[in-house]
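Here is my_file37.cif, consisting of mmCIF, C-alpha atoms:
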```
data_structure
#
loop_
_atom_site.label_atom_id
_atom_site.label_comp_id
_atom_site.auth_asym_id
_atom_site.auth_seq_id
_atom_site.Cartn_x
_atom_site.Cartn_y
_atom_site.Cartn_z
CA MET I 26 48.12 49.44 -26.03
CA THR I 27 45.02 47.71 -24.61
CA THR I 28 41.76 47.66 -26.60
CA THR I 29 38.59 46.96 -24.63
CA LEU I 30 34.81 47.28 -24.86
CA ARG I 31 33.39 49.62 -22.23
CA PRO I 32 29.58 49.78 -21.76
CA PHE I 33 28.17 53.30 -22.09
CA THR I 34 24.48 52.40 -21.81
CA PRO I 35 22.69 50.09 -19.35
CA GLU I 36 21.89 46.64 -20.66
CA ALA I 37 18.39 46.73 -22.14
CA VAL I 38 16.18 43.67 -21.64
CA GLY I 39 12.95 43.58 -23.63
CA PRO I 40 9.66 42.15 -22.34
CA ASP I 41 10.36 39.04 -24.42
CA GLY I 42 13.85 38.60 -22.93
CA ALA I 43 15.89 40.04 -25.83
CA ARG I 44 19.10 41.73 -24.63
CA SER I 45 21.03 44.63 -26.13
CA ARG I 46 23.75 47.07 -25.11
CA GLU I 47 25.97 49.76 -26.58
CA TYR I 48 29.71 49.92 -25.97
CA ALA I 49 32.60 52.28 -26.52
CA ILE I 50 35.69 50.75 -28.11
CA CYS I 51 38.53 52.09 -25.97
CA VAL I 52 42.32 52.05 -26.25
CA ASN I 53 43.88 52.54 -22.81
CA GLY I 54 40.57 54.08 -21.75
CA ARG I 55 40.38 56.47 -24.73
CA PRO I 56 37.22 56.02 -26.93
CA VAL I 57 38.06 55.18 -30.54
CA GLY I 58 34.76 53.73 -31.77
CA THR I 59 31.43 52.16 -30.86
CA ALA I 60 29.69 48.78 -30.91
CA ARG I 61 26.08 47.71 -30.44
CA LEU I 62 25.21 44.10 -29.58
CA LEU I 63 21.93 42.19 -29.58
CA ALA I 64 20.88 38.76 -28.33
CA PRO I 65 17.36 37.75 -29.41
CA ALA I 66 14.75 36.20 -27.17
CA GLY I 67 13.51 32.65 -27.43
CA PRO I 68 15.35 29.47 -28.38
CA SER I 69 17.41 31.10 -31.12
CA ARG I 70 21.00 31.50 -29.92
CA VAL I 71 22.20 33.72 -32.75
CA GLY I 72 23.56 37.05 -31.50
CA ARG I 73 24.16 40.09 -33.66
CA ILE I 74 26.87 42.70 -33.82
CA GLU I 75 24.51 45.41 -35.00
CA GLU I 76 27.21 48.05 -35.27
CA LEU I 77 30.99 48.07 -35.01
CA THR I 78 32.65 51.34 -36.00
CA VAL I 79 36.26 52.44 -35.48
CA ASN I 80 37.07 56.13 -35.95
CA GLN I 81 38.84 56.89 -39.23
CA GLY I 82 42.18 57.85 -37.73
CA GLU I 83 42.32 54.70 -35.60
CA ARG I 84 41.82 52.14 -38.36
CA GLY I 85 44.46 49.72 -39.56
CA ARG I 86 45.82 49.11 -36.06
CA GLY I 87 43.83 46.03 -35.06
CA ARG I 88 41.25 47.96 -33.01
CA GLY I 89 38.30 46.51 -34.91
CA THR I 90 39.60 42.94 -34.70
CA VAL I 91 40.04 43.07 -30.92
CA ALA I 92 36.64 44.78 -30.53
CA ALA I 93 34.91 42.13 -32.65
CA LEU I 94 36.47 39.31 -30.65
CA ALA I 95 35.47 41.04 -27.41
CA ALA I 96 31.93 41.45 -28.76
CA GLU I 97 31.80 37.74 -29.52
CA GLU I 98 32.79 37.04 -25.90
CA VAL I 99 29.95 39.25 -24.64
CA LEU I 100 27.46 37.42 -26.87
CA ARG I 101 28.84 34.06 -25.74
CA GLY I 102 28.16 35.19 -22.17
CA TRP I 103 24.58 35.89 -23.26
CA ASP I 104 24.29 32.20 -24.27
CA CYS I 105 24.69 32.84 -27.99
CA THR I 106 26.38 30.06 -29.97
CA ARG I 107 26.50 31.88 -33.30
CA VAL I 108 27.09 35.52 -34.30
CA GLU I 109 25.86 37.58 -37.24
CA LEU I 110 27.62 40.78 -38.30
CA GLY I 111 25.65 43.42 -40.23
CA LEU I 112 27.48 45.60 -42.76
CA ALA I 113 26.01 48.74 -44.36
CA GLU I 114 26.79 49.47 -48.02
CA THR I 115 29.35 52.30 -47.91
CA PRO I 116 32.61 53.15 -49.69
CA ASP I 117 34.30 51.16 -46.90
CA THR I 118 32.35 47.96 -47.65
CA PRO I 119 35.15 46.09 -49.52
CA ALA I 120 37.54 46.63 -46.61
CA ALA I 121 34.80 45.70 -44.12
CA LEU I 122 34.12 42.46 -45.99
CA ARG I 123 37.81 41.56 -45.94
CA PHE I 124 37.86 42.32 -42.21
CA ALA I 125 34.82 40.11 -41.55
CA GLU I 126 36.10 37.25 -43.70
CA ALA I 127 39.45 37.33 -41.88
CA LEU I 128 37.52 36.76 -38.64
CA GLY I 129 35.71 33.75 -40.12
CA TYR I 130 32.41 35.36 -41.16
CA THR I 131 30.77 34.30 -44.43
CA VAL I 132 28.22 36.19 -46.51
CA ARG I 133 24.73 34.74 -46.01
CA SER I 134 22.37 37.43 -47.28
CA ARG I 135 22.26 40.94 -48.67
CA ASN I 136 19.64 43.61 -47.98
CA MET I 137 18.80 46.19 -50.64
CA VAL I 138 16.92 49.48 -50.28
CA LYS I 139 14.53 51.24 -52.66
CA ASP I 140 12.62 54.52 -52.32
CA LEU I 141 8.94 53.99 -53.10
CA PRO I 142 7.11 56.34 -55.49
CA ALA I 143 4.17 58.34 -54.17
CA GLU I 144 1.79 56.27 -56.30
CA ALA I 145 2.06 52.50 -56.65
CA PRO I 146 2.33 51.19 -60.22
CA ALA I 147 -0.67 49.24 -61.46
CA LEU I 148 -0.46 45.44 -61.53
CA PRO I 149 -0.46 43.83 -64.97
CA ALA I 150 -3.90 43.09 -66.42
CA GLY I 151 -5.38 39.89 -65.06
CA THR I 152 -3.24 39.81 -61.90
CA SER I 153 -4.24 40.54 -58.32
CA ALA I 154 -3.06 40.22 -54.71
CA ARG I 155 -5.32 39.07 -51.89
CA PRO I 156 -4.75 38.30 -48.18
CA ILE I 157 -3.62 34.80 -47.24
CA LEU I 158 -6.61 32.99 -45.71
CA ASP I 159 -6.47 31.38 -42.27
CA ALA I 160 -6.88 27.97 -43.90
CA GLU I 161 -3.92 28.65 -46.24
CA PHE I 162 -1.54 29.92 -43.57
CA PRO I 163 -0.27 26.58 -42.10
CA ALA I 164 0.82 25.25 -45.51
CA TRP I 165 2.36 28.61 -46.45
CA GLN I 166 4.30 28.77 -43.18
CA ALA I 167 5.49 25.15 -43.45
CA ALA I 168 6.88 25.82 -46.93
CA GLY I 169 8.54 29.03 -45.75
CA LEU I 170 10.13 27.31 -42.76
CA ALA I 171 11.47 24.50 -44.94
CA GLY I 172 13.05 27.01 -47.32
CA TYR I 173 14.56 29.05 -44.50
CA VAL I 174 15.99 25.93 -42.84
CA GLN I 175 17.75 25.00 -46.07
CA SER I 176 19.08 28.55 -46.41
CA LEU I 177 20.52 28.43 -42.88
CA ILE I 178 22.06 25.01 -43.49
CA GLY I 179 23.69 26.48 -46.60
CA GLY I 180 25.10 29.22 -44.34
CA GLY I 181 26.84 26.65 -42.13
CA LEU I 182 24.31 25.71 -39.43
CA SER I 183 23.51 22.12 -38.52
CA GLU I 184 20.03 20.93 -39.45
CA ASP I 185 18.91 20.96 -35.80
CA ASP I 186 20.24 24.48 -35.15
CA ALA I 187 18.80 25.72 -38.44
CA ARG I 188 15.36 24.40 -37.54
CA VAL I 189 15.49 25.97 -34.07
CA GLU I 190 16.50 29.35 -35.50
CA ALA I 191 13.91 29.24 -38.29
CA GLU I 192 11.07 28.32 -35.93
CA ALA I 193 12.14 30.98 -33.42
CA SER I 194 12.29 33.60 -36.18
CA HIS I 195 8.80 32.76 -37.47
CA ALA I 196 7.40 32.70 -33.92
CA ALA I 197 8.87 36.15 -33.22
CA LEU I 198 7.83 37.71 -36.53
CA LEU I 199 4.37 36.11 -36.85
CA PRO I 200 3.05 35.69 -33.28
CA GLN I 201 -0.56 36.05 -34.45
CA GLY I 202 -0.06 34.30 -37.76
CA PRO I 203 -1.71 36.08 -40.70
CA HIS I 204 -3.28 38.56 -38.25
CA THR I 205 0.05 39.81 -36.84
CA GLN I 206 -0.05 43.61 -36.56
CA GLY I 207 2.13 45.41 -39.11
CA THR I 208 2.44 42.32 -41.30
CA VAL I 209 1.15 41.90 -44.84
CA LEU I 210 0.77 38.38 -46.26
CA ARG I 211 -0.58 38.16 -49.79
CA VAL I 212 -1.37 35.50 -52.36
CA LEU I 213 -0.55 36.59 -55.90
CA GLU I 214 -2.94 35.41 -58.61
CA ALA I 215 -2.99 35.63 -62.41
CA GLU I 216 -6.19 34.88 -64.29
CA GLY I 217 -7.59 33.36 -61.08
CA GLU I 218 -4.66 30.97 -60.59
CA ARG I 219 -2.20 31.20 -57.69
CA VAL I 220 1.26 32.18 -58.95
CA GLY I 221 3.08 33.09 -55.73
CA SER I 222 2.98 34.80 -52.36
CA LEU I 223 4.42 37.84 -50.60
CA TRP I 224 5.46 38.57 -47.00
CA VAL I 225 6.07 42.19 -45.96
CA THR I 226 6.38 43.74 -42.51
CA LEU I 227 5.61 47.42 -41.99
CA ALA I 228 7.27 47.53 -38.57
CA GLY I 229 10.87 47.66 -39.73
CA PRO I 230 13.50 49.77 -37.96
CA ASP I 231 13.61 53.49 -38.70
CA VAL I 232 17.20 53.56 -39.94
CA LEU I 233 17.21 55.82 -42.99
CA ALA I 234 17.36 59.40 -41.72
CA GLY I 235 14.01 59.22 -39.98
CA ARG I 236 12.15 57.54 -42.84
CA ARG I 237 9.91 54.55 -42.19
CA LEU I 238 11.38 51.33 -43.52
CA ALA I 239 9.39 48.24 -44.50
CA TRP I 240 10.99 44.83 -45.02
CA VAL I 241 10.17 42.37 -47.80
CA TYR I 242 10.86 39.08 -46.06
CA GLU I 243 9.81 36.74 -48.81
CA VAL I 244 8.69 36.70 -52.43
CA GLU I 245 7.78 33.17 -53.50
CA VAL I 246 7.09 32.06 -57.08
CA PRO I 247 6.77 28.32 -57.78
CA ARG I 248 8.57 26.70 -60.67
CA ALA I 249 6.73 24.35 -62.98
CA GLY I 250 6.24 21.19 -60.96
CA GLY I 251 5.80 23.02 -57.65
CA ALA I 252 9.37 23.71 -56.51
CA THR I 253 10.14 27.12 -55.06
CA ALA I 254 11.91 29.41 -57.51
CA ALA I 255 12.75 32.37 -55.26
CA ARG I 256 12.65 33.22 -51.57
#
```

As structure tokens, what does this structure read like?
Amino acid sequence: MTTTLRPFTPEAVGPDGARSREYAICVNGRPVGTARLLAPAGPSRVGRIEELTVNQGERGRGRGTVAALAAEEVLRGWDCTRVELGLAETPDTPAALRFAEALGYTVRSRNMVKDLPAEAPALPAGTSARPILDAEFPAWQAAGLAGYVQSLIGGGLSEDDARVEAEASHAALLPQGPHTQGTVLRVLEAEGERVGSLWVTLAGPDVLAGRRLAWVYEVEVPRAGGATAAR
């Protein structure tokens, strides 16, 4: 039995140079699953296995392992030096985690989803949120980059690679700084004093049955003494 990845869509190259493609996972030419791969633009060399699914009746036979290794080879050919694997929260998640860990992947982050009510709850008395000012943005971004670099180092990257990835990520997500379309940057204040900041993008992927999805990239609240408590 031979397991291979067979492209079933043309390679897509975005205006910024990002590359993506969808594949069929095949055993002796017979489709048994799908995979979708992405290589971002810019200096970041971190590719993503966006999807890797093996049909229920074909699991437990090593199909997913061979497909994942083949996907890594494709991403290596796209000049990626590191790979991220996204897992959705499903009843199969424990088995998927064991599968990923057996291939050398480690858990770095976890995304959580919440349905928003029709009306936003009121902020506590004395608190408010205002846009980050142009003059505040450089210091806010420098602090965010420093925190992200440390997070990436904790996930196994070298300091140099972590800095390259963090800077590439910020450049891609905030090309116009605080004026980037679809981005909300807010300073949180209580009784007139700054108590934190918030970064939300409204241009997230439409992945939940056609519903619009926003991403909370960062919630920052300083500890006493100025250290960051949460990011």

Which residues of range 70-142 of chain I come within 12 Å of range 31-36 of chain I, and for each one, what is the closest pair of atoms and their distance in Å to one decimal, counting all atoms listed in the file, sorted by chain and residue number, as CSV?
```
residue,atom,partner,partner_atom,distance
I:Ala92,CA,I:Arg31,CA,10.1
I:Ala95,CA,I:Arg31,CA,10.2
I:Ala96,CA,I:Arg31,CA,10.6
I:Val99,CA,I:Pro32,CA,10.9
I:Trp103,CA,I:Glu36,CA,11.4
```

### Task
Specify as a ChimeraX atom specification each residue included when the PyMOL selection byres ((chain I and resi 76) around 6) is applied to this file.
/I:60-61,74-75,77

Take the residues from that selection and write them out as a PDB file, in the coordinates of the input, keeping C-alpha atoms.
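For reference, selection10.pdb as written:
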```pdb
ATOM      1  CA  ALA I  60      29.690  48.780 -30.910  1.00  0.00           C
ATOM      2  CA  ARG I  61      26.080  47.710 -30.440  1.00  0.00           C
ATOM      3  CA  ILE I  74      26.870  42.700 -33.820  1.00  0.00           C
ATOM      4  CA  GLU I  75      24.510  45.410 -35.000  1.00  0.00           C
ATOM      5  CA  LEU I  77      30.990  48.070 -35.010  1.00  0.00           C
TER       6      LEU I  77
END
```

### Query
Hey, which of I:Ala193, I:Ala66, I:Val138, I:Leu94 ends up closest to Val241 in chain I? Count all atoms listed in the file.
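For Val241 in chain I, the nearest of the given residues is I:Val138.
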
### Message
Using only C-alpha atoms, can you tell me which of I:Val71, I:Ala121, I:Ala147, I:Val79 comes closest to Val52 in chain I?
### Response
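That would be I:Val79, the residue with the smallest distance to Val52 in chain I.
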
### Query
So how many Å separate CA of Glu109 in chain I and CA of Leu223 in chain I, to one decimal?
25.3 Å

### Query
Could you work out how far CA of Met137 in chain I lies from CA of Gly85 in chain I, giving the answer in Å with one decimal?
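Here the two named atoms are 28.2 Å from each other.
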
### Query
How many Å lie between CA of Asn80 in chain I and CA of Thr59 in chain I, rounded to one decimal?
8.6 Å

Surrounding residues of range 122-126 of chain I excluding itself and chain neighbours under 6 positions, 9 Å, only C-alpha atoms, as an mmCIF file with C-alpha atoms, keeping the file's coordinate frame:
```
data_model
loop_
_atom_site.group_PDB
_atom_site.id
_atom_site.type_symbol
_atom_site.label_atom_id
_atom_site.label_comp_id
_atom_site.auth_asym_id
_atom_site.auth_seq_id
_atom_site.Cartn_x
_atom_site.Cartn_y
_atom_site.Cartn_z
ATOM 1 C CA GLY I 89 38.300 46.510 -34.910
ATOM 2 C CA THR I 90 39.600 42.940 -34.700
ATOM 3 C CA LEU I 110 27.620 40.780 -38.300
ATOM 4 C CA LEU I 112 27.480 45.600 -42.760
ATOM 5 C CA VAL I 132 28.220 36.190 -46.510
#
```

### Task
Could you tell me which residues the PyMOL selection byres ((chain I and resi 224) around 9) grabs in this file, written as a PyMOL selection string?
chain I and resi 208-211+222-223+225-226+240-245

### Query
Restricting the calculation to all atoms listed in the file, which member of I:Gly207, I:Ala37, I:Thr152, I:Gln175 is positioned closest to Leu238 in chain I?
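With all atoms listed in the file as the atom set, the closest residue is I:Gly207.
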
### Option closest in space to Leu30 in chain I, from I:Arg88, I:Gly172, I:Ala64, I:Gly42 [counting all atoms listed in the file]
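Of the candidates, the smallest distance to Leu30 in chain I is held by I:Arg88.
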
### Protein and nucleic acid residues near (29.1, 31.3, -26.5) (cut-off 10 Å, only C-alpha atoms) as a ChimeraX atom specification
/I:70-72,97-108

### Task
Identify the residues within 12 Å of coordinate (9.7, 53.6, -50.8) (same frame as the file), considering all atoms listed in the file, and give the answer as a list in words.
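Selection result: Met137, Val138, Lys139, Asp140, Leu141, Pro142, Ala143, Glu144, Ala145, Leu227, Leu233, Arg236, Arg237, Leu238, Ala239, Trp240 and Val241 of chain I.
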
### Message
Assuming the chain letters and numbering stay as they are in my file, what does the PyMOL selection byres ((chain I and resi 177-181) around 10) actually select? List them as a PyMOL selection string.
### Response
chain I and resi 131-134+172-176+182-188+190-191
